[in-house]
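Undergrad: One structure, pasted below without further comment.
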Amino acid sequence: AGVTKLDDADRSFLEAAAQEFDAVMAASDAALCAASQALSARQRFTGESQLEESLVMAGSFLARRVEAAPALVGSHHFAYYARGNFVKQALSRLAMRLRLLGREPRGGCGHLASRACKHLEACLDVALLTLPRFHVEVFSLLSDVKDLGEVVENLLGLAPDLEANGRPDEGTISEEGLEEVSQWCSKKLRDFSDVLTVYNDRDDRLEGD
């Protein structure tokens with residue numbers, strides 16, 4: 001009783017999704033590694049195309065395998081991890097635009113930040129339904145919220161400077177959606193200030209030992 005039986009079509013859908021998920025994660029791991037190396041070495045434009053392709057792959061997977069069948073896939077582990085992984089990739093791509101003055105992401109910074117925000121909110125919803133409020137996974141997601149908020153705020157600050165003084169190869173920043181993402185991040189951090197305080201206090205104690 002209480003166990004949902006899957007028909008053959010649902011079972012096939014989940015099996016195909018699980019296989020595709022492995023390919024998505026492998027592409028992401030390689031792209032994130034290349035992006036990390038480019039950021040560390042301050043190699044402008046390096047790794048951008050690979051990360052863009054990986055983001056397209058991840059976005060397509062989420063659209064076809066997760067968002068198209070929420071009742072079937074919504075609580076499956078690969079839905080959660082695919083969303084979280086998209087956020088990590090988006091943060092790296094936005095960092096490349098900000099720190100290296102790389103190319104504008106596909107669709108613009110605002111569009112990518114908004115998509116990351118949507119997937120991060122979905123991860124938080126799942127985590128809060130299944131885990132205690134002060135679980136380390138919740139704190140990890142809040143750290144992503146903080147990182148997203150910071151990169152968005154910095155992009156908002158950089159945008160007018162690039163528009164007024166930027167070189168032709170630096171382009172301009174697509175700001176549409178950035179302000180809304182910034183507001184969402186700020187609100188989440190306020191709403192979970194108790195969780196952040198607990199972990200920050202713990203870190204301070206560990207540093208003091």
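Chains: A, B, ... in order of the structure tokens. Residues: from 1 per chain. Ligands: from 1, in order shown.
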Each residue of region 10-30 of chain A lying at most 10 Å from region 59-64 of chain A should get a row with its shortest atom-to-atom pair and the distance in Å to one decimal, counting only C-alpha atoms; could you produce that, ordered by chain and increasing number, as JSON lines?

TA:
```
{"residue": "A:Ala17", "atom": "CA", "partner": "A:Phe61", "partner_atom": "CA", "distance": 8.1}
{"residue": "A:Glu20", "atom": "CA", "partner": "A:Phe61", "partner_atom": "CA", "distance": 7.6}
{"residue": "A:Phe21", "atom": "CA", "partner": "A:Phe61", "partner_atom": "CA", "distance": 7.5}
{"residue": "A:Val24", "atom": "CA", "partner": "A:Phe61", "partner_atom": "CA", "distance": 7.7}
```

Undergrad: Which residues in region 61-192 of chain A does DSSP call helix (DSSP H, G or I)? List them as an MDAnalysis selection string.

TA: chainID A and resid 61:67 70:73 77:99 109:130 136:165 168:170 178:191

Undergrad: When you look at region 37-50 of chain A with a cut-off of 6 Å (counting only C-alpha atoms), what residues show up, excluding the ones that are within fewer than 4 positions of it in the same chain? I need them as a compact mmCIF listing (two decimals) with N, CA, C and O atoms, in the first residue's frame.

TA:
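Result file follows (result.txt):
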```txt
# COMPACT_ATOMS: atom_id res chain seq x y z
N ALA A 31 33.52 20.64 -18.20
CA ALA A 31 33.37 22.08 -18.47
C ALA A 31 33.72 22.91 -17.24
O ALA A 31 34.37 23.96 -17.36
N LEU A 100 36.80 38.04 -15.84
CA LEU A 100 37.70 38.02 -16.99
C LEU A 100 37.24 38.96 -18.10
O LEU A 100 37.91 39.08 -19.12
N GLY A 102 34.87 38.37 -20.02
CA GLY A 102 34.66 37.48 -21.16
C GLY A 102 33.42 37.86 -21.93
O GLY A 102 32.78 38.88 -21.69
```

Undergrad: Using only C-alpha atoms, I'd like a table of the residues in region 125-184 of chain A that come within 10 Å of region 88-92 of chain A; for each, show the closest atom pair and its distance in Å rounded to one decimal, ordered by chain and ascending number, as a Markdown table.

TA:
```
| residue | atom | partner | partner_atom | distance |
| --- | --- | --- | --- | --- |
| A:Asp144 | CA | A:Lys88 | CA | 8.0 |
| A:Asp147 | CA | A:Leu91 | CA | 7.6 |
| A:Leu148 | CA | A:Leu91 | CA | 6.6 |
| A:Val151 | CA | A:Leu91 | CA | 7.8 |
| A:Val152 | CA | A:Leu91 | CA | 9.6 |
```

Undergrad: Please compute the CA of Arg133 (chain A)-CA of Val66 (chain A) distance, one decimal, in Å.

TA: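 According to the coordinates, CA of Arg133 (chain A) and CA of Val66 (chain A) are separated by 24.9 Å.
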
Undergrad: Smallest atom-to-atom distance to Glu53 (chain A): which of A:Val73, A:Ala30, A:Leu141, A:Ala127, using only C-alpha atoms?

TA: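 Of A:Val73, A:Ala30, A:Leu141, A:Ala127, the one nearest Glu53 (chain A), counting only C-alpha atoms, is A:Ala30.
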
Undergrad: Near Leu178 (chain A), counting only C-alpha atoms, which residues have an atom at most 9 Å away, once you skip same-chain residues fewer than 4 positions from it, shown as a PyMOL selection string?

TA: chain A and resi 109-111+113-114+152-153+155-156+174+182-183

Undergrad: For those residues, write C-alpha atoms to a file as a PDB file, in the first residue's frame.

TA:
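See selection02.pdb below for the written result:
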```
ATOM      1  CA  CYS A 109      23.746  37.640 -18.023  1.00  0.00           C
ATOM      2  CA  GLY A 110      20.242  38.476 -16.826  1.00  0.00           C
ATOM      3  CA  HIS A 111      18.713  35.503 -18.622  1.00  0.00           C
ATOM      4  CA  ALA A 113      21.061  34.418 -13.741  1.00  0.00           C
ATOM      5  CA  SER A 114      17.262  34.129 -13.837  1.00  0.00           C
ATOM      6  CA  VAL A 152      24.688  39.636  -9.835  1.00  0.00           C
ATOM      7  CA  GLU A 153      25.348  42.725  -7.706  1.00  0.00           C
ATOM      8  CA  LEU A 155      27.476  42.645 -12.730  1.00  0.00           C
ATOM      9  CA  LEU A 156      24.932  45.376 -12.038  1.00  0.00           C
ATOM     10  CA  SER A 174      22.358  42.378 -20.555  1.00  0.00           C
ATOM     11  CA  SER A 182      19.373  40.260  -6.626  1.00  0.00           C
ATOM     12  CA  GLN A 183      16.175  40.961  -4.695  1.00  0.00           C
TER      13      GLN A 183
END
```

Undergrad: For Tyr80 (chain A), please output as a PDB file with N, CA and C atoms, in the first residue's frame all residues within 7 Å (counting only C-alpha atoms; exclusion window: fewer than 4 positions along the same chain).

TA:
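What landed in out-v7.pdb:
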```pdb
ATOM      1  N   HIS A  76      12.726  12.864  -7.926  1.00  0.00           N
ATOM      2  CA  HIS A  76      13.814  11.929  -8.210  1.00  0.00           C
ATOM      3  C   HIS A  76      15.160  12.603  -7.947  1.00  0.00           C
ATOM      4  N   GLY A  84      20.921  21.548  -9.322  1.00  0.00           N
ATOM      5  CA  GLY A  84      22.040  22.104  -8.576  1.00  0.00           C
ATOM      6  C   GLY A  84      23.283  22.253  -9.428  1.00  0.00           C
ATOM      7  N   CYS A 123      15.647  23.647  -5.885  1.00  0.00           N
ATOM      8  CA  CYS A 123      16.485  22.834  -4.994  1.00  0.00           C
ATOM      9  C   CYS A 123      16.186  23.129  -3.533  1.00  0.00           C
TER      10      CYS A 123
END
```

Undergrad: Need to verify the contact set: Ala18 (chain A), 10 Å, only C-alpha atoms, exclusion of same-chain residues closer than 3 positions in sequence. Can you return it as a list in words?

TA: Ser12, Phe13, Leu14, Glu15, Phe21, Asp22, Ala23, Val24, Arg65, His76, His77, Phe78 and Ala79 of chain A

Undergrad: So that I can see what lies close to Val87 (chain A), please list as a short mmCIF file (atom, residue, chain, number, x, y, z; two decimals) with C-alpha atoms, in the first residue's frame the residues with an atom at most 8 Å from it, counting only C-alpha atoms and leaving out residues fewer than 5 positions away in the same chain.

TA:
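Heads up, here's the output in out-v7.cif:
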```
data_model
loop_
_atom_site.label_atom_id
_atom_site.label_comp_id
_atom_site.auth_asym_id
_atom_site.auth_seq_id
_atom_site.Cartn_x
_atom_site.Cartn_y
_atom_site.Cartn_z
CA ALA A 116 19.97 29.73 -12.19
CA CYS A 117 17.67 31.42 -9.69
CA HIS A 119 16.67 26.03 -10.41
CA LEU A 120 18.18 27.09 -7.10
CA ASP A 144 24.97 29.29 -3.64
#
```
